[in-house]
>>> print(open('coords.cif').read())   # mmCIF, C-alpha atoms
data_start
#
loop_
_atom_site.label_atom_id
_atom_site.label_comp_id
_atom_site.auth_asym_id
_atom_site.auth_seq_id
_atom_site.Cartn_x
_atom_site.Cartn_y
_atom_site.Cartn_z
CA MET C 1 0.00 0.00 0.00
CA GLU C 2 2.96 2.35 0.53
CA ASP C 3 3.56 2.68 -3.22
CA LYS C 4 -0.08 3.65 -3.74
CA ARG C 5 0.12 6.18 -0.89
CA LEU C 6 3.24 7.75 -2.31
CA SER C 7 1.80 7.83 -5.81
CA ASN C 8 -1.37 9.47 -4.51
CA ALA C 9 0.67 11.94 -2.43
CA ILE C 10 2.72 12.88 -5.51
CA SER C 11 -0.43 13.29 -7.57
CA GLU C 12 -2.08 15.41 -4.88
CA ALA C 13 1.01 17.60 -4.47
CA ALA C 14 1.21 18.03 -8.24
CA GLY C 15 -2.43 18.96 -8.60
CA GLY C 16 -3.07 15.94 -10.83
CA ALA C 17 -0.20 16.65 -13.24
CA GLY C 18 0.92 13.62 -15.23
CA PHE C 19 3.97 11.70 -14.07
CA VAL C 20 5.65 8.31 -14.36
CA SER C 21 7.75 6.57 -11.74
CA TYR C 22 10.66 4.44 -12.95
CA GLY C 23 11.65 2.41 -9.90
CA ASP C 24 11.40 2.68 -6.14
CA VAL C 25 10.94 6.03 -4.46
CA ALA C 26 12.16 5.74 -0.88
CA ASN C 27 13.88 9.10 -0.49
CA GLU C 28 14.42 12.48 -2.12
CA ASN C 29 17.24 11.22 -4.34
CA ASP C 30 15.01 8.40 -5.68
CA TYR C 31 12.22 10.91 -6.22
CA ASN C 32 14.46 13.25 -8.21
CA ASN C 33 15.91 10.41 -10.30
CA ASN C 34 12.93 8.08 -10.74
CA VAL C 35 9.86 10.31 -11.04
CA VAL C 36 9.40 12.08 -14.37
CA PHE C 37 6.67 14.63 -15.02
CA SER C 38 5.27 15.35 -18.45
CA ASN C 39 5.72 19.03 -17.59
CA VAL C 40 8.88 19.51 -15.49
CA ALA C 41 7.56 22.82 -14.15
CA GLN C 42 4.73 20.94 -12.43
CA LYS C 43 7.02 18.63 -10.46
CA PRO C 44 6.44 19.40 -6.76
CA SER C 45 9.28 19.42 -4.26
CA TRP C 46 10.00 16.29 -2.24
CA SER C 47 8.89 18.13 0.92
CA ALA C 48 5.53 18.95 -0.71
CA VAL C 49 5.07 15.26 -1.52
CA GLN C 50 6.04 14.26 2.02
CA SER C 51 3.59 16.76 3.51
CA ASN C 52 0.78 15.01 1.62
CA LEU C 53 1.65 11.52 2.90
CA PRO C 54 -0.18 11.76 6.25
CA THR C 55 -3.26 13.05 4.43
CA GLN C 56 -3.12 10.07 2.09
CA GLN C 57 -2.49 7.68 4.99
CA TRP C 58 -5.59 8.98 6.77
CA LYS C 59 -7.61 8.53 3.58
CA ASP C 60 -6.42 4.92 3.42
CA VAL C 61 -7.26 4.36 7.10
CA ARG C 62 -10.76 5.75 6.55
CA SER C 63 -11.23 3.48 3.52
CA VAL C 64 -10.36 0.40 5.58
CA ARG C 65 -12.56 1.66 8.42
CA ASP C 66 -15.47 2.27 6.04
CA LEU C 67 -15.12 -1.24 4.63
CA LYS C 68 -15.18 -2.74 8.13
CA LEU C 69 -18.28 -0.68 8.95
CA ASN C 70 -19.98 -1.75 5.72
CA ASN C 71 -19.14 -5.38 6.39
CA SER C 72 -20.80 -5.15 9.80
CA ASP C 73 -23.92 -3.22 8.76
CA TRP C 74 -25.93 -6.43 8.77
CA THR C 75 -25.53 -6.70 12.56
CA GLN C 76 -27.73 -3.66 13.09
CA LEU C 77 -30.73 -4.81 11.07
CA GLN C 78 -33.73 -5.48 13.28
CA ASP C 79 -34.61 -8.81 11.67
CA VAL C 80 -31.15 -10.37 12.16
CA PRO C 81 -31.48 -13.25 14.62
CA ILE C 82 -28.84 -12.23 17.17
CA SER C 83 -29.30 -11.52 20.86
CA ASP C 84 -29.59 -7.98 22.18
CA ALA C 85 -26.28 -8.50 24.01
CA LYS C 86 -24.52 -9.52 20.79
CA ARG C 87 -26.09 -6.60 18.91
CA GLU C 88 -24.73 -4.29 21.62
CA GLU C 89 -21.22 -5.83 21.25
CA TRP C 90 -21.41 -5.01 17.54
CA GLN C 91 -22.56 -1.47 18.32
CA VAL C 92 -19.55 -0.96 20.60
CA TYR C 93 -17.25 -2.37 17.89
CA ARG C 94 -18.77 -0.11 15.24
CA GLN C 95 -18.37 2.95 17.48
CA SER C 96 -14.73 1.97 18.04
CA LEU C 97 -14.31 1.90 14.26
CA ARG C 98 -15.83 5.37 13.99
CA ASP C 99 -13.31 6.56 16.60
CA VAL C 100 -10.27 5.23 14.69
CA PRO C 101 -9.57 8.58 12.94
CA SER C 102 -9.11 10.20 16.36
CA GLN C 103 -5.90 8.20 16.84
CA SER C 104 -2.71 10.22 16.46
CA ASP C 105 -0.64 8.19 13.97
CA PRO C 106 -2.11 6.96 10.68
CA SER C 107 0.79 4.55 10.20
CA ASN C 108 0.24 2.88 13.58
CA ILE C 109 -3.50 2.24 13.93
CA THR C 110 -4.89 0.06 16.70
CA TRP C 111 -7.89 -1.64 15.13
CA PRO C 112 -10.70 -2.92 17.35
CA SER C 113 -11.52 -6.62 17.20
CA ALA C 114 -14.88 -7.65 15.79
CA PRO C 115 -17.13 -9.67 18.06
CA VAL C 116 -17.23 -13.41 17.45
#
>>> encode(input="coords.cif", output="structure tokens")
Amino acid sequence: MEDKRLSNAISEAAGGAGFVSYGDVANENDYNNNVVFSNVAQKPSWSAVQSNLPTQQWKDVRSVRDLKLNNSDWTQLQDVPISDAKREEWQVYRQSLRDVPSQSDPSNITWPSAPV
């Protein structure tokens, strides 16, 4: 997922300008040597790309969180044959998922465990 994050961060920093990456981009030197823009004037600085990484990481976290919420929607339907206690466990889990974005580090998320 890191390659996708970096690619999205580059794209966001460049305002959607076209670029191609030829190899790994792990540092500023790699970025300068391996990322080519169709219009050189639109190539953002490495620091601009880096500043967009946390934003992209949070977007990725929210996508995973949203998928987990969607996958547990069924637990809240009234006609699902589960006990009230189990439904409440799922409600607590789902609230914990909603609280995930309040954590401080998008690269070190503590995910709640789904009820069994």
>>> resolve_selection(input="coords.cif", expression="the PyMOL selection byres ((chain C and resi 66-82) around 12)", output="number ranges by chain")
C: 58-65, 83-101, 111-116
>>> write_last_selection(input="coords.cif", atoms="C-alpha atoms", output="tab-separated table (two decimals), keeping the file's coordinate frame")
chain	number	residue	atom	x	y	z
C	58	TRP	CA	-5.59	8.98	6.77
C	59	LYS	CA	-7.61	8.53	3.58
C	60	ASP	CA	-6.42	4.92	3.42
C	61	VAL	CA	-7.26	4.36	7.10
C	62	ARG	CA	-10.76	5.75	6.55
C	63	SER	CA	-11.23	3.48	3.52
C	64	VAL	CA	-10.36	0.40	5.58
C	65	ARG	CA	-12.56	1.66	8.42
C	83	SER	CA	-29.30	-11.52	20.86
C	84	ASP	CA	-29.59	-7.98	22.18
C	85	ALA	CA	-26.28	-8.50	24.01
C	86	LYS	CA	-24.52	-9.52	20.79
C	87	ARG	CA	-26.09	-6.60	18.91
C	88	GLU	CA	-24.73	-4.29	21.62
C	89	GLU	CA	-21.22	-5.83	21.25
C	90	TRP	CA	-21.41	-5.01	17.54
C	91	GLN	CA	-22.56	-1.47	18.32
C	92	VAL	CA	-19.55	-0.96	20.60
C	93	TYR	CA	-17.25	-2.37	17.89
C	94	ARG	CA	-18.77	-0.11	15.24
C	95	GLN	CA	-18.37	2.95	17.48
C	96	SER	CA	-14.73	1.97	18.04
C	97	LEU	CA	-14.31	1.90	14.26
C	98	ARG	CA	-15.83	5.37	13.99
C	99	ASP	CA	-13.31	6.56	16.60
C	100	VAL	CA	-10.27	5.23	14.69
C	101	PRO	CA	-9.57	8.58	12.94
C	111	TRP	CA	-7.89	-1.64	15.13
C	112	PRO	CA	-10.70	-2.92	17.35
C	113	SER	CA	-11.52	-6.62	17.20
C	114	ALA	CA	-14.88	-7.65	15.79
C	115	PRO	CA	-17.13	-9.67	18.06
C	116	VAL	CA	-17.23	-13.41	17.45
>>> atom_distance(input="coords.cif", atom1="CA of Ser7 (chain C)", atom2="CA of Val20 (chain C)")
9.4 Å
>>> atom_distance(input="coords.cif", atom1="CA of Asp24 (chain C)", atom2="CA of Asp105 (chain C)")
24.1 Å
>>> resolve_selection(input="coords.cif", expression="the PyMOL selection byres ((chain C and resi 44-55) around 6)", output="MDAnalysis selection string")
chainID C and resid 9:10 13:14 28 43 56:58
>>> atom_distance(input="coords.cif", atom1="CA of Thr110 (chain C)", atom2="CA of Asn27 (chain C)")
27.0 Å
>>> residues_near_point(input="coords.cif", point="(7.8, 6.5, -13.2)", cutoff="6 Å", atoms="only C-alpha atoms", output="VMD selection string")
chain C and resid 20 to 22 34 to 36
>>> decode(input="coords.cif", residues="region 5-51 of chain C", atoms="N, CA and C atoms", output="PDB file, in the first residue's frame")
ATOM      1  N   ARG C   5       0.162   4.955  -1.688  1.00  0.00           N
ATOM      2  CA  ARG C   5       0.121   6.179  -0.890  1.00  0.00           C
ATOM      3  C   ARG C   5       1.051   7.231  -1.466  1.00  0.00           C
ATOM      4  N   LEU C   6       2.267   6.805  -1.779  1.00  0.00           N
ATOM      5  CA  LEU C   6       3.242   7.754  -2.310  1.00  0.00           C
ATOM      6  C   LEU C   6       2.784   8.286  -3.658  1.00  0.00           C
ATOM      7  N   SER C   7       2.295   7.404  -4.505  1.00  0.00           N
ATOM      8  CA  SER C   7       1.799   7.829  -5.813  1.00  0.00           C
ATOM      9  C   SER C   7       0.659   8.826  -5.657  1.00  0.00           C
ATOM     10  N   ASN C   8      -0.252   8.549  -4.748  1.00  0.00           N
ATOM     11  CA  ASN C   8      -1.365   9.474  -4.510  1.00  0.00           C
ATOM     12  C   ASN C   8      -0.873  10.786  -3.905  1.00  0.00           C
ATOM     13  N   ALA C   9       0.121  10.723  -3.032  1.00  0.00           N
ATOM     14  CA  ALA C   9       0.665  11.942  -2.433  1.00  0.00           C
ATOM     15  C   ALA C   9       1.359  12.795  -3.496  1.00  0.00           C
ATOM     16  N   ILE C  10       2.079  12.138  -4.412  1.00  0.00           N
ATOM     17  CA  ILE C  10       2.722  12.875  -5.508  1.00  0.00           C
ATOM     18  C   ILE C  10       1.652  13.535  -6.369  1.00  0.00           C
ATOM     19  N   SER C  11       0.643  12.766  -6.725  1.00  0.00           N
ATOM     20  CA  SER C  11      -0.428  13.287  -7.567  1.00  0.00           C
ATOM     21  C   SER C  11      -1.139  14.462  -6.903  1.00  0.00           C
ATOM     22  N   GLU C  12      -1.397  14.333  -5.605  1.00  0.00           N
ATOM     23  CA  GLU C  12      -2.080  15.406  -4.880  1.00  0.00           C
ATOM     24  C   GLU C  12      -1.204  16.661  -4.809  1.00  0.00           C
ATOM     25  N   ALA C  13       0.094  16.466  -4.536  1.00  0.00           N
ATOM     26  CA  ALA C  13       1.008  17.604  -4.465  1.00  0.00           C
ATOM     27  C   ALA C  13       1.161  18.282  -5.820  1.00  0.00           C
ATOM     28  N   ALA C  14       1.034  17.496  -6.889  1.00  0.00           N
ATOM     29  CA  ALA C  14       1.207  18.028  -8.243  1.00  0.00           C
ATOM     30  C   ALA C  14      -0.090  18.537  -8.833  1.00  0.00           C
ATOM     31  N   GLY C  15      -1.154  18.484  -8.084  1.00  0.00           N
ATOM     32  CA  GLY C  15      -2.435  18.957  -8.596  1.00  0.00           C
ATOM     33  C   GLY C  15      -2.938  18.129  -9.763  1.00  0.00           C
ATOM     34  N   GLY C  16      -2.600  16.840  -9.776  1.00  0.00           N
ATOM     35  CA  GLY C  16      -3.074  15.942 -10.829  1.00  0.00           C
ATOM     36  C   GLY C  16      -2.224  15.948 -12.088  1.00  0.00           C
ATOM     37  N   ALA C  17      -1.082  16.632 -12.065  1.00  0.00           N
ATOM     38  CA  ALA C  17      -0.199  16.653 -13.244  1.00  0.00           C
ATOM     39  C   ALA C  17       0.292  15.240 -13.546  1.00  0.00           C
ATOM     40  N   GLY C  18       0.499  14.945 -14.822  1.00  0.00           N
ATOM     41  CA  GLY C  18       0.922  13.617 -15.232  1.00  0.00           C
ATOM     42  C   GLY C  18       2.373  13.327 -14.898  1.00  0.00           C
ATOM     43  N   PHE C  19       2.610  12.119 -14.384  1.00  0.00           N
ATOM     44  CA  PHE C  19       3.969  11.701 -14.067  1.00  0.00           C
ATOM     45  C   PHE C  19       4.091  10.195 -14.200  1.00  0.00           C
ATOM     46  N   VAL C  20       5.339   9.730 -14.299  1.00  0.00           N
ATOM     47  CA  VAL C  20       5.646   8.310 -14.358  1.00  0.00           C
ATOM     48  C   VAL C  20       6.774   8.056 -13.380  1.00  0.00           C
ATOM     49  N   SER C  21       6.690   6.946 -12.675  1.00  0.00           N
ATOM     50  CA  SER C  21       7.746   6.569 -11.745  1.00  0.00           C
ATOM     51  C   SER C  21       8.494   5.368 -12.316  1.00  0.00           C
ATOM     52  N   TYR C  22       9.800   5.495 -12.430  1.00  0.00           N
ATOM     53  CA  TYR C  22      10.659   4.436 -12.951  1.00  0.00           C
ATOM     54  C   TYR C  22      11.495   3.869 -11.808  1.00  0.00           C
ATOM     55  N   GLY C  23      10.914   3.019 -11.010  1.00  0.00           N
ATOM     56  CA  GLY C  23      11.646   2.410  -9.899  1.00  0.00           C
ATOM     57  C   GLY C  23      11.127   2.867  -8.552  1.00  0.00           C
ATOM     58  N   ASP C  24      11.798   2.381  -7.514  1.00  0.00           N
ATOM     59  CA  ASP C  24      11.400   2.684  -6.142  1.00  0.00           C
ATOM     60  C   ASP C  24      11.631   4.156  -5.817  1.00  0.00           C
ATOM     61  N   VAL C  25      10.797   4.656  -4.924  1.00  0.00           N
ATOM     62  CA  VAL C  25      10.944   6.033  -4.456  1.00  0.00           C
ATOM     63  C   VAL C  25      10.897   5.985  -2.934  1.00  0.00           C
ATOM     64  N   ALA C  26      12.075   5.838  -2.337  1.00  0.00           N
ATOM     65  CA  ALA C  26      12.161   5.738  -0.884  1.00  0.00           C
ATOM     66  C   ALA C  26      12.714   6.996  -0.235  1.00  0.00           C
ATOM     67  N   ASN C  27      13.272   7.893  -1.050  1.00  0.00           N
ATOM     68  CA  ASN C  27      13.878   9.102  -0.491  1.00  0.00           C
ATOM     69  C   ASN C  27      13.906  10.188  -1.563  1.00  0.00           C
ATOM     70  N   GLU C  28      14.410  11.345  -1.197  1.00  0.00           N
ATOM     71  CA  GLU C  28      14.421  12.483  -2.118  1.00  0.00           C
ATOM     72  C   GLU C  28      15.258  12.210  -3.365  1.00  0.00           C
ATOM     73  N   ASN C  29      16.392  11.542  -3.197  1.00  0.00           N
ATOM     74  CA  ASN C  29      17.241  11.215  -4.343  1.00  0.00           C
ATOM     75  C   ASN C  29      16.488  10.321  -5.332  1.00  0.00           C
ATOM     76  N   ASP C  30      15.812   9.278  -4.809  1.00  0.00           N
ATOM     77  CA  ASP C  30      15.007   8.403  -5.677  1.00  0.00           C
ATOM     78  C   ASP C  30      13.922   9.201  -6.390  1.00  0.00           C
ATOM     79  N   TYR C  31      13.285  10.093  -5.646  1.00  0.00           N
ATOM     80  CA  TYR C  31      12.215  10.912  -6.221  1.00  0.00           C
ATOM     81  C   TYR C  31      12.756  11.749  -7.384  1.00  0.00           C
ATOM     82  N   ASN C  32      13.889  12.399  -7.163  1.00  0.00           N
ATOM     83  CA  ASN C  32      14.458  13.246  -8.205  1.00  0.00           C
ATOM     84  C   ASN C  32      14.915  12.443  -9.423  1.00  0.00           C
ATOM     85  N   ASN C  33      15.396  11.223  -9.203  1.00  0.00           N
ATOM     86  CA  ASN C  33      15.912  10.410 -10.304  1.00  0.00           C
ATOM     87  C   ASN C  33      14.867   9.511 -10.969  1.00  0.00           C
ATOM     88  N   ASN C  34      13.844   9.110 -10.233  1.00  0.00           N
ATOM     89  CA  ASN C  34      12.930   8.078 -10.741  1.00  0.00           C
ATOM     90  C   ASN C  34      11.528   8.561 -11.084  1.00  0.00           C
ATOM     91  N   VAL C  35      11.200   9.793 -10.745  1.00  0.00           N
ATOM     92  CA  VAL C  35       9.856  10.307 -11.041  1.00  0.00           C
ATOM     93  C   VAL C  35       9.987  11.398 -12.101  1.00  0.00           C
ATOM     94  N   VAL C  36       9.319  11.157 -13.238  1.00  0.00           N
ATOM     95  CA  VAL C  36       9.403  12.079 -14.365  1.00  0.00           C
ATOM     96  C   VAL C  36       8.010  12.636 -14.645  1.00  0.00           C
ATOM     97  N   PHE C  37       7.929  13.950 -14.716  1.00  0.00           N
ATOM     98  CA  PHE C  37       6.670  14.626 -15.017  1.00  0.00           C
ATOM     99  C   PHE C  37       6.622  15.004 -16.488  1.00  0.00           C
ATOM    100  N   SER C  38       5.421  14.949 -17.052  1.00  0.00           N
ATOM    101  CA  SER C  38       5.269  15.345 -18.453  1.00  0.00           C
ATOM    102  C   SER C  38       5.587  16.829 -18.627  1.00  0.00           C
ATOM    103  N   ASN C  39       5.352  17.611 -17.592  1.00  0.00           N
ATOM    104  CA  ASN C  39       5.724  19.028 -17.591  1.00  0.00           C
ATOM    105  C   ASN C  39       6.612  19.246 -16.371  1.00  0.00           C
ATOM    106  N   VAL C  40       7.906  19.394 -16.584  1.00  0.00           N
ATOM    107  CA  VAL C  40       8.876  19.510 -15.492  1.00  0.00           C
ATOM    108  C   VAL C  40       8.511  20.627 -14.519  1.00  0.00           C
ATOM    109  N   ALA C  41       7.928  21.684 -15.006  1.00  0.00           N
ATOM    110  CA  ALA C  41       7.564  22.817 -14.150  1.00  0.00           C
ATOM    111  C   ALA C  41       6.498  22.449 -13.126  1.00  0.00           C
ATOM    112  N   GLN C  42       5.786  21.348 -13.359  1.00  0.00           N
ATOM    113  CA  GLN C  42       4.727  20.938 -12.433  1.00  0.00           C
ATOM    114  C   GLN C  42       5.213  19.949 -11.379  1.00  0.00           C
ATOM    115  N   LYS C  43       6.499  19.578 -11.431  1.00  0.00           N
ATOM    116  CA  LYS C  43       7.018  18.626 -10.455  1.00  0.00           C
ATOM    117  C   LYS C  43       7.130  19.297  -9.091  1.00  0.00           C
ATOM    118  N   PRO C  44       6.366  18.801  -8.097  1.00  0.00           N
ATOM    119  CA  PRO C  44       6.442  19.404  -6.760  1.00  0.00           C
ATOM    120  C   PRO C  44       7.735  19.002  -6.056  1.00  0.00           C
ATOM    121  N   SER C  45       8.091  19.753  -5.053  1.00  0.00           N
ATOM    122  CA  SER C  45       9.277  19.420  -4.263  1.00  0.00           C
ATOM    123  C   SER C  45       9.022  18.145  -3.463  1.00  0.00           C
ATOM    124  N   TRP C  46      10.095  17.501  -3.062  1.00  0.00           N
ATOM    125  CA  TRP C  46       9.998  16.291  -2.239  1.00  0.00           C
ATOM    126  C   TRP C  46       9.281  16.616  -0.927  1.00  0.00           C
ATOM    127  N   SER C  47       9.549  17.776  -0.345  1.00  0.00           N
ATOM    128  CA  SER C  47       8.891  18.135   0.916  1.00  0.00           C
ATOM    129  C   SER C  47       7.387  18.320   0.727  1.00  0.00           C
ATOM    130  N   ALA C  48       6.975  18.819  -0.429  1.00  0.00           N
ATOM    131  CA  ALA C  48       5.534  18.947  -0.708  1.00  0.00           C
ATOM    132  C   ALA C  48       4.889  17.575  -0.804  1.00  0.00           C
ATOM    133  N   VAL C  49       5.576  16.636  -1.427  1.00  0.00           N
ATOM    134  CA  VAL C  49       5.069  15.262  -1.522  1.00  0.00           C
ATOM    135  C   VAL C  49       4.967  14.661  -0.126  1.00  0.00           C
ATOM    136  N   GLN C  50       6.022  14.815   0.665  1.00  0.00           N
ATOM    137  CA  GLN C  50       6.038  14.265   2.021  1.00  0.00           C
ATOM    138  C   GLN C  50       4.932  14.851   2.884  1.00  0.00           C
ATOM    139  N   SER C  51       4.645  16.142   2.696  1.00  0.00           N
ATOM    140  CA  SER C  51       3.594  16.760   3.508  1.00  0.00           C
ATOM    141  C   SER C  51       2.217  16.202   3.181  1.00  0.00           C
TER     142      SER C  51
END
